[in-house]
Amino acid sequence: MSQLLEVNEATMRFGGLVALNAVSFSIGRGEVLAVIGPNGAGKSTLFNVVTGVYRPTSGHVRFDGIEITGHPSHQVVARGVGRTFQTSRLFSDLSVLDNVIIGMHTRTKTGVLGALFLPGASRREMAACVEKAELLLKASSGELFEQRHRPAGTLAQADRRRLEIARALASEPKLLLLDEPSVGMDEVETDALIADIRRLRTERPELSVILIEHDMRVVEAFPDHVMCVDYGSKIAEGDFATVKSDPRVQEAYLGKAAVHA
Amino acid sequence: MAELFVQQLVNWVTLGCIYALLAIGFSLIFGVLNVIHFSHGDVAMTSPFIALAAAQALAIAIGVSGPVWLTVATCIAVFAVGLIGVILDKVVIRRFRDAPAMMALVATVALGIVIRELIRHLYPQGSNPHAFPRLASGVALEIAGVQVGWFTLLVVSLTLVLVVLLFAFLRLTPLGLRIRAASEDRIVARMMGIRDTRVFRATFFVASAIGAIAGLLFASYAGVTRFDFGVMAGLLGFSAAVIGGLGSMPGAILGGLIIAGIEVLAQTFVPDGASYRLVFVFLLVIGVLLFRPEGLLGRPVMVKV
Amino acid sequence: MSTHTSAELPGLGQAAFVAVSIQLLSAAFLYLILKAEGGWQVIGLLALLGAGFYLIEKRPQIADVVTASFSRVPVVALITAVAVVLLFPFAVGNNTYVLHLLIVAQLYAVLALALNFQLGSANIPNFATGASYGIGAYVSALLAINFGLSFWLTLPAAAIAATLFGFLIGIPSMRTRDTYLALVTIAFGVVVQQLLNNFTWTGGPNGLVGIPAPSLFGHSFASPLVVFGWKLPSQANFYYLSALLVVVAIITAHRLHSSRIGLAWNALRADEIAARAQGINVAWFKVLAFAVDAFLAAFAGTIYAFYVSYISPDNFTFLVSVTIMTMVIVGGMDNIFGVIVGAFLLTILPEKLRAFSDYRLLFFGIVIIAFLMIRPQGLFPQRIRSYGESR
Ligand SMILES: Nc1ncnc2c1ncn2[C@@H]1O[C@H](COP(=O)(O)OP(=O)(O)O)[C@@H](O)[C@H]1O
Ligand SMILES: [Mg+2]
């Protein structure tokens with residue numbers, strides 16, 4: 001069976017800066033890929049190229065057997081890619097529930113005329129969305145569910161992350177892209193996150209997940225397929241043990257760590 | 001034919017300089033505050049009234065008049081309008097710096113209404129047009145049979161001097177450098193703590209004073225001024241700034257010249273063009289924004305995700 | 001299912017009492033302010049209004065009880081509303097000036113609701129609502145004058161023409177934003193106004209005169225309306241017509257707001273990039289907001305043209321667009337009720353402040369600025385959607 005996502009020699013330049021340098025990789029259905037690399041390595045850019053936020057300077061992206069290079073974001077999402085952002089991008093003046101319902105945009109279809117002249121159908125559609133959204137929130141965390149009528153902007157950091165994931169799942173994606181989901185979480189919350197992703201995989205065996213992570217505990221939990229990026233280039237790929245022991249990976253991390261220390 | 005051409009060229013340069021001076025103010029303020037000061041045109045057009053009032057006050061108080069004293073009155077007006085700009089910034093505009101762009105836009109549109117109404121009520125017979133003298137008269141030279149007046153030379157040389165002074169100010173003085181830093185990278189400037197009131201005050205004073213000069217030249221060019229001239233002055237100056245690229249000084253000048261060019265071309269070559277000139281001007285604005293949303297000399301902004 | 005509202009749900013009788021008396025009080029207030037003469041009466045009434053707002057602000061429970069009451073007895077509330085609207089002209093009697101004010105206020109309410117899709121729901125600037133309004137008015141007037149088309153046929157024609165215009169001004173919104181987009185809409189507005197001012201077939205600056213009054217089932221809108229022996233001035237015809245349009249606008253606004261479309265607009269208002277990541281075609285939804293705005297504005301324009309029977313480019317200037325925008329901001333963005341209140345207040349107050357004759361516009365400008373500085377969320381801020389609970 002062909003791979004779900006194939007990225008081929010993707011390059012992204014911003015003026016003189018090469019944020020991605022001929023990166024290729026692929027992920028199959030039901031797999032988890034962890035992407036690691038120092039800050040500014042180009043990991044988020046990779047997500048942006050895949051989801052059509054940026055059009056790659058060169059290279060190709062194929063998803064589910066279709067070339068999607070440079071397709072507008074909303075079309076890519078409609079094909080079955082859900083994502084979260086590194087700095088959370090919730091609709092902060094809308095309720096938690098509305099955030100999740102908006103995530104179902106590609107699964108609903110009422111247009112202006114439908115909303116105006118078939119109000120019954122539109123209302124039923126929304127009611128179904130509410131029901132589904134409440135289920136998703138409940139599954140995510142009871143705490144989040146309790147706060148479903150509050151503006152998303154008032155949530156605590158960990159709940160914001162959870163909500164972003166719930167919103168991304170609402171579109172029933174085939175591929176889920178999580179950009180540093182554990183940022184701002186304490187240890188307990190990070191463990192809960194790992195458990196959440198595990199649960200997701202058992203509930204939806206077909207779902208593929210790409211995970212950008214800094215927290216090695218999370219990466220360790222999904223050790224089968226790990227890729228390391230540095231200065232826009234892929235420098236290692238394999239299982240966690242292999243990647244971790246790669247001298248170039250160690251150099252990339254130590255080098256940066258030394259600077260930061 | 002050549003005569004007509006030269007004549008229109010003269011008109012174009014005169015008008016273009018005036019629009020450019022107006023546009024510079026819009027651009028400068030937007031660059032530093034990220035706020036559209038829509039009433040900038042109205043602020044600018046208060047200057048002819050202040051100048052007239054000052055000239056009269058001088059005549060009554062110390063019994064002096066004549067070209068020299070008219071010049072004094074215009075200088076007073078320029079300074080006063082600069083202060084008005086600073087006050088408006090402090091009282092109203094600055095509060096909208098972090099608000100959605102629309103709020104600032106509507107607030108300054110309303111501010112424009114207030115300014116116009118204040119002129120109308122405070123100036124004697126403010127609803128009527130008031131004659132405004134030529135700040136320079138007589139023929140300076142003749143090109144291809146066309147007489148070029150001292151006024152045109154005044155407008156052009158004043159514009160050149162102002163632009164050079166502004167560039168020198170922005171590039172050579174510490175305060176100017178801070179203004180430039182604030183407008184080139186607002187976020188970095190903010191992180192570096194360049195957010196102080198002096199930068200705002202200076203920006204508004206300079207922008208409003210330059211606008212005041214444009215206002216005086218405009219009234220002098222038209223020979224008349226009226227309380228609501230600020231609306232069109234504002235729209236055209238704003239358009240010039242946007243076409244050129246908000247925040248870019250060379251862009252503002254280019255925009256001013258382009259807008260004046262369209263106006264003059266329409267009046268010369270299109271039958272009944274005078275009444276359609278605004279249509280052409282604003283169609284051009286739409287066209288430029290469609291194909292170059294960041295303006296001709298503006299830098300495209302790419303949102304970082 | 002509902003958790004927080006059920007606890008404080010008022011009893012049926014109490015709810016009905018609140019719903020009816022609030023509406024009657026509001027109607028009485030509107031009546032008084034319409035009838036008020038002299039600045040002091042107006043200022044007194046405004047002070048009363050201010051006190052009311054202060055009270056609601058201090059004790060938000062009051063607003064909660066009121067909304068809960070309305071949703072508890074929707075039928076009673078609706079019947080009261082219909083009765084109030086239908087009977088109001090009888091209370092006004094022969095005062096045609098008051099009826100005129102009401103008609104204009106209702107048309108502005110429609111325009112403000114139209115703009116609210118953009119400004120409120122999607123936060124897209126549009127300074128060309130006045131132009132769409134004008135296109136509606138001119139298209140229908142031209143069709144009626146030149147081709148003898150009846151009012152009822154010009155209505156959809158004008159709406160279609162204006163909607164096309166809406167799509168046209170919407171297209172730049174795909175590429176430009178904020179300040180730049182605002183300028184594009186201003187430019188469109190000026191172009192339309194200037195063209196109306198210059199074409200000969202639009203009557204130039206003199207505009208169009210002699211737009212025939214509509215008629216329905218043989219009853220001409222130019223003649224007085226006789227109901228059960230009561231004789232209402234001819235303006236009453238247009239009062240009811242514009243009231244009907246307000247109802248249509250409210251239903252439109254409500255249905256869109258509570259559907260997936262309204263959510264998509266809210267999403268792109270909050271964060272365009274995140275909205276795209278949810279699969280929302282942001283460009284299309286922006287254009288759609290322009291089209292819906294123009295569509296509703298055209299209806300208002302048509303009724304206006306047939307009501308005054310004389311239109312000129314001066315009725316559709318940039319200042320009109322700014323006024324509509326102010327109504328939305330003062331009333332409360334994305335709050336249907338608030339927007340209507342904003343439209344009524346800002347139509348009636350300036351008229352009443354004729355007492356201050358010449359200082360009207362000045363006062364108006366100061367009010368806008370003060371509002372934006374002190375209460376930018378408007379009189380009635382947007383509310384979080386509630387599902388199932390309020391129904
Ligand atoms: N829109 C953009 N414009 C310019 N540079 C960008 C843009 N987006 C990302 N970059 C640059 O690309 C590099 C990679 O960024 P990013 O992908 O966010 O790194 P990571 O997610 O690995 O920390 C950084 O140097 C960043 O500054
Ligand atoms: Mg990143």
# chains A, B, ... in the order shown; residues from 1 in each chain; ligands from 1
$ interface_residues --of "chain C" --to "chain A" --cutoff "12 Å" --atoms "only C-alpha atoms" --output "PyMOL selection string"
chain C and resi 1-5+121+248-285+288-289+291-292+334+381-389+391
$ residues_near_ligand --ligand "ligand 2" --cutoff "6 Å" --atoms "only C-alpha atoms and all ligand atoms" --output "list in words"
Lys43, Ser44 and Gln86 of chain A
$ residues_around --residues "C:Ala300" --least-positions-apart "2" --cutoff "8 Å" --atoms "only C-alpha atoms" --output "number ranges by chain"
C: 107-108, 110-111, 133, 136-137, 242, 245, 296-298, 302-304
$ write_last_selection --atoms "N, CA, C and O atoms" --output "JSON list (two decimals), in the first residue's frame"
[["chain", "number", "residue", "atom", "x", "y", "z"],
["C", 107, "LEU", "N", -34.77, 51.60, 8.16],
["C", 107, "LEU", "CA", -33.91, 51.33, 7.01],
["C", 107, "LEU", "C", -32.45, 51.29, 7.45],
["C", 107, "LEU", "O", -31.68, 50.44, 7.01],
["C", 108, "TYR", "N", -32.08, 52.22, 8.34],
["C", 108, "TYR", "CA", -30.71, 52.19, 8.85],
["C", 108, "TYR", "C", -30.45, 50.92, 9.65],
["C", 108, "TYR", "O", -29.34, 50.39, 9.64],
["C", 110, "VAL", "N", -31.64, 48.03, 9.00],
["C", 110, "VAL", "CA", -31.36, 46.99, 8.00],
["C", 110, "VAL", "C", -29.93, 47.15, 7.48],
["C", 110, "VAL", "O", -29.17, 46.17, 7.37],
["C", 111, "LEU", "N", -29.55, 48.39, 7.17],
["C", 111, "LEU", "CA", -28.20, 48.62, 6.67],
["C", 111, "LEU", "C", -27.15, 48.21, 7.70],
["C", 111, "LEU", "O", -26.13, 47.60, 7.37],
["C", 133, "TYR", "N", -26.16, 50.44, -1.02],
["C", 133, "TYR", "CA", -27.45, 51.07, -0.74],
["C", 133, "TYR", "C", -27.87, 51.93, -1.94],
["C", 133, "TYR", "O", -28.99, 51.81, -2.46],
["C", 136, "GLY", "N", -28.75, 49.83, -5.03],
["C", 136, "GLY", "CA", -30.11, 49.32, -4.89],
["C", 136, "GLY", "C", -31.14, 50.37, -5.24],
["C", 136, "GLY", "O", -32.07, 50.14, -6.01],
["C", 137, "ALA", "N", -30.95, 51.56, -4.69],
["C", 137, "ALA", "CA", -31.91, 52.64, -4.92],
["C", 137, "ALA", "C", -31.97, 53.04, -6.40],
["C", 137, "ALA", "O", -33.05, 53.14, -6.99],
["C", 242, "SER", "N", -41.10, 48.84, 5.82],
["C", 242, "SER", "CA", -39.72, 48.77, 6.32],
["C", 242, "SER", "C", -39.65, 47.91, 7.57],
["C", 242, "SER", "O", -38.63, 47.25, 7.80],
["C", 245, "LEU", "N", -39.15, 44.57, 6.36],
["C", 245, "LEU", "CA", -37.77, 44.36, 5.92],
["C", 245, "LEU", "C", -36.84, 44.14, 7.13],
["C", 245, "LEU", "O", -35.93, 43.32, 7.07],
["C", 296, "LEU", "N", -28.63, 42.82, 1.27],
["C", 296, "LEU", "CA", -29.59, 43.43, 2.20],
["C", 296, "LEU", "C", -29.66, 44.95, 2.02],
["C", 296, "LEU", "O", -30.73, 45.55, 2.09],
["C", 297, "ALA", "N", -28.49, 45.56, 1.79],
["C", 297, "ALA", "CA", -28.46, 47.01, 1.64],
["C", 297, "ALA", "C", -29.31, 47.44, 0.45],
["C", 297, "ALA", "O", -29.97, 48.49, 0.48],
["C", 298, "ALA", "N", -29.32, 46.62, -0.60],
["C", 298, "ALA", "CA", -30.09, 46.98, -1.79],
["C", 298, "ALA", "C", -31.59, 47.03, -1.48],
["C", 298, "ALA", "O", -32.31, 47.90, -1.99],
["C", 302, "THR", "N", -33.91, 50.25, -2.15],
["C", 302, "THR", "CA", -35.12, 50.25, -2.97],
["C", 302, "THR", "C", -36.28, 50.90, -2.21],
["C", 302, "THR", "O", -36.99, 51.76, -2.74],
["C", 303, "ILE", "N", -36.47, 50.47, -0.98],
["C", 303, "ILE", "CA", -37.59, 51.04, -0.21],
["C", 303, "ILE", "C", -37.38, 52.54, -0.03],
["C", 303, "ILE", "O", -38.32, 53.33, -0.16],
["C", 304, "TYR", "N", -36.13, 52.93, 0.24],
["C", 304, "TYR", "CA", -35.86, 54.35, 0.42],
["C", 304, "TYR", "C", -36.25, 55.14, -0.83],
["C", 304, "TYR", "O", -36.94, 56.17, -0.75]]
$ interface_residues --of "chain C" --to "chain B" --cutoff "7 Å" --atoms "only C-alpha atoms" --output "PyMOL selection string"
chain C and resi 125+172+175-176+178-179+184+187+191+194+198+362+365-366+368-369+372
$ residues_near_ligand --ligand "ligand 1" --cutoff "10 Å" --atoms "only C-alpha atoms and all ligand atoms" --output "MDAnalysis selection string"
(chainID A and resid 12:20 35:49 53:54 85:86 179:180 212:214 229:232) or (chainID B and resid 301:305)
$ residues_around --residues "B:Ala23" --least-positions-apart "6" --cutoff "10 Å" --atoms "only C-alpha atoms" --output "PyMOL selection string"
chain B and resi 17+40-41+207+210-211+214+233-244+246-249+251-256
$ write_last_selection --atoms "C-alpha atoms" --output "CSV table (one decimal), in the first residue's frame"
chain,number,residue,atom,x,y,z
B,17,CYS,CA,4.4,67.9,-4.8
B,40,HIS,CA,-4.6,64.1,8.8
B,41,GLY,CA,-6.0,65.8,5.7
B,207,ALA,CA,3.9,64.9,10.0
B,210,ILE,CA,4.6,69.1,6.8
B,211,GLY,CA,0.8,68.6,6.2
B,214,ALA,CA,0.9,71.2,2.0
B,233,ALA,CA,-7.0,66.3,0.7
B,234,GLY,CA,-7.1,63.5,3.2
B,235,LEU,CA,-8.5,60.9,0.7
B,236,LEU,CA,-6.0,61.8,-2.0
B,237,GLY,CA,-3.1,62.0,0.4
B,238,PHE,CA,-4.0,58.7,2.0
B,239,SER,CA,-4.4,57.1,-1.4
B,240,ALA,CA,-1.0,58.4,-2.5
B,241,ALA,CA,0.6,57.0,0.7
B,242,VAL,CA,-1.1,53.6,0.2
B,243,ILE,CA,-0.2,53.4,-3.5
B,244,GLY,CA,3.4,54.1,-2.7
B,246,LEU,CA,2.5,52.8,3.7
B,247,GLY,CA,5.5,53.5,5.8
B,248,SER,CA,7.8,54.2,2.8
B,249,MET,CA,8.8,57.8,2.3
B,251,GLY,CA,6.7,55.6,-1.9
B,252,ALA,CA,4.7,58.5,-0.5
B,253,ILE,CA,6.4,60.9,-3.0
B,254,LEU,CA,5.9,58.5,-5.9
B,255,GLY,CA,2.3,58.0,-4.9
B,256,GLY,CA,1.7,61.7,-4.8
$ residues_around --residues "stretch 89-100 of chain C" --least-positions-apart "2" --cutoff "8 Å" --atoms "only C-alpha atoms" --output "VMD selection string"
chain C and resid 31 34 to 35 85 to 87 102 to 104 232 to 233 235 to 236 239
$ residues_around --residues "A:Gly59" --least-positions-apart "6" --cutoff "12 Å" --atoms "only C-alpha atoms" --output "ChimeraX atom specification"
/A:6-13,20-25,46,49-50,67-70
$ atom_distance --atom1 "atom CA of C:Phe306" --atom2 "atom CA of C:Thr200"
20.6 Å
$ atom_distance --atom1 "atom CA of A:Ala152" --atom2 "atom CA of A:Glu164"
10.0 Å
$ residues_around --residues "B:Val148" --least-positions-apart "6" --cutoff "10 Å" --atoms "only C-alpha atoms" --output "PyMOL selection string"
chain B and resi 6-7+10-11+138-142
$ atom_distance --atom1 "atom CA of C:Gly148" --atom2 "atom CA of C:Thr317"
27.3 Å
$ select_by_dssp --residues "stretch 132-207 of chain A" --states "strand (DSSP E)" --output "count of residues only"
5
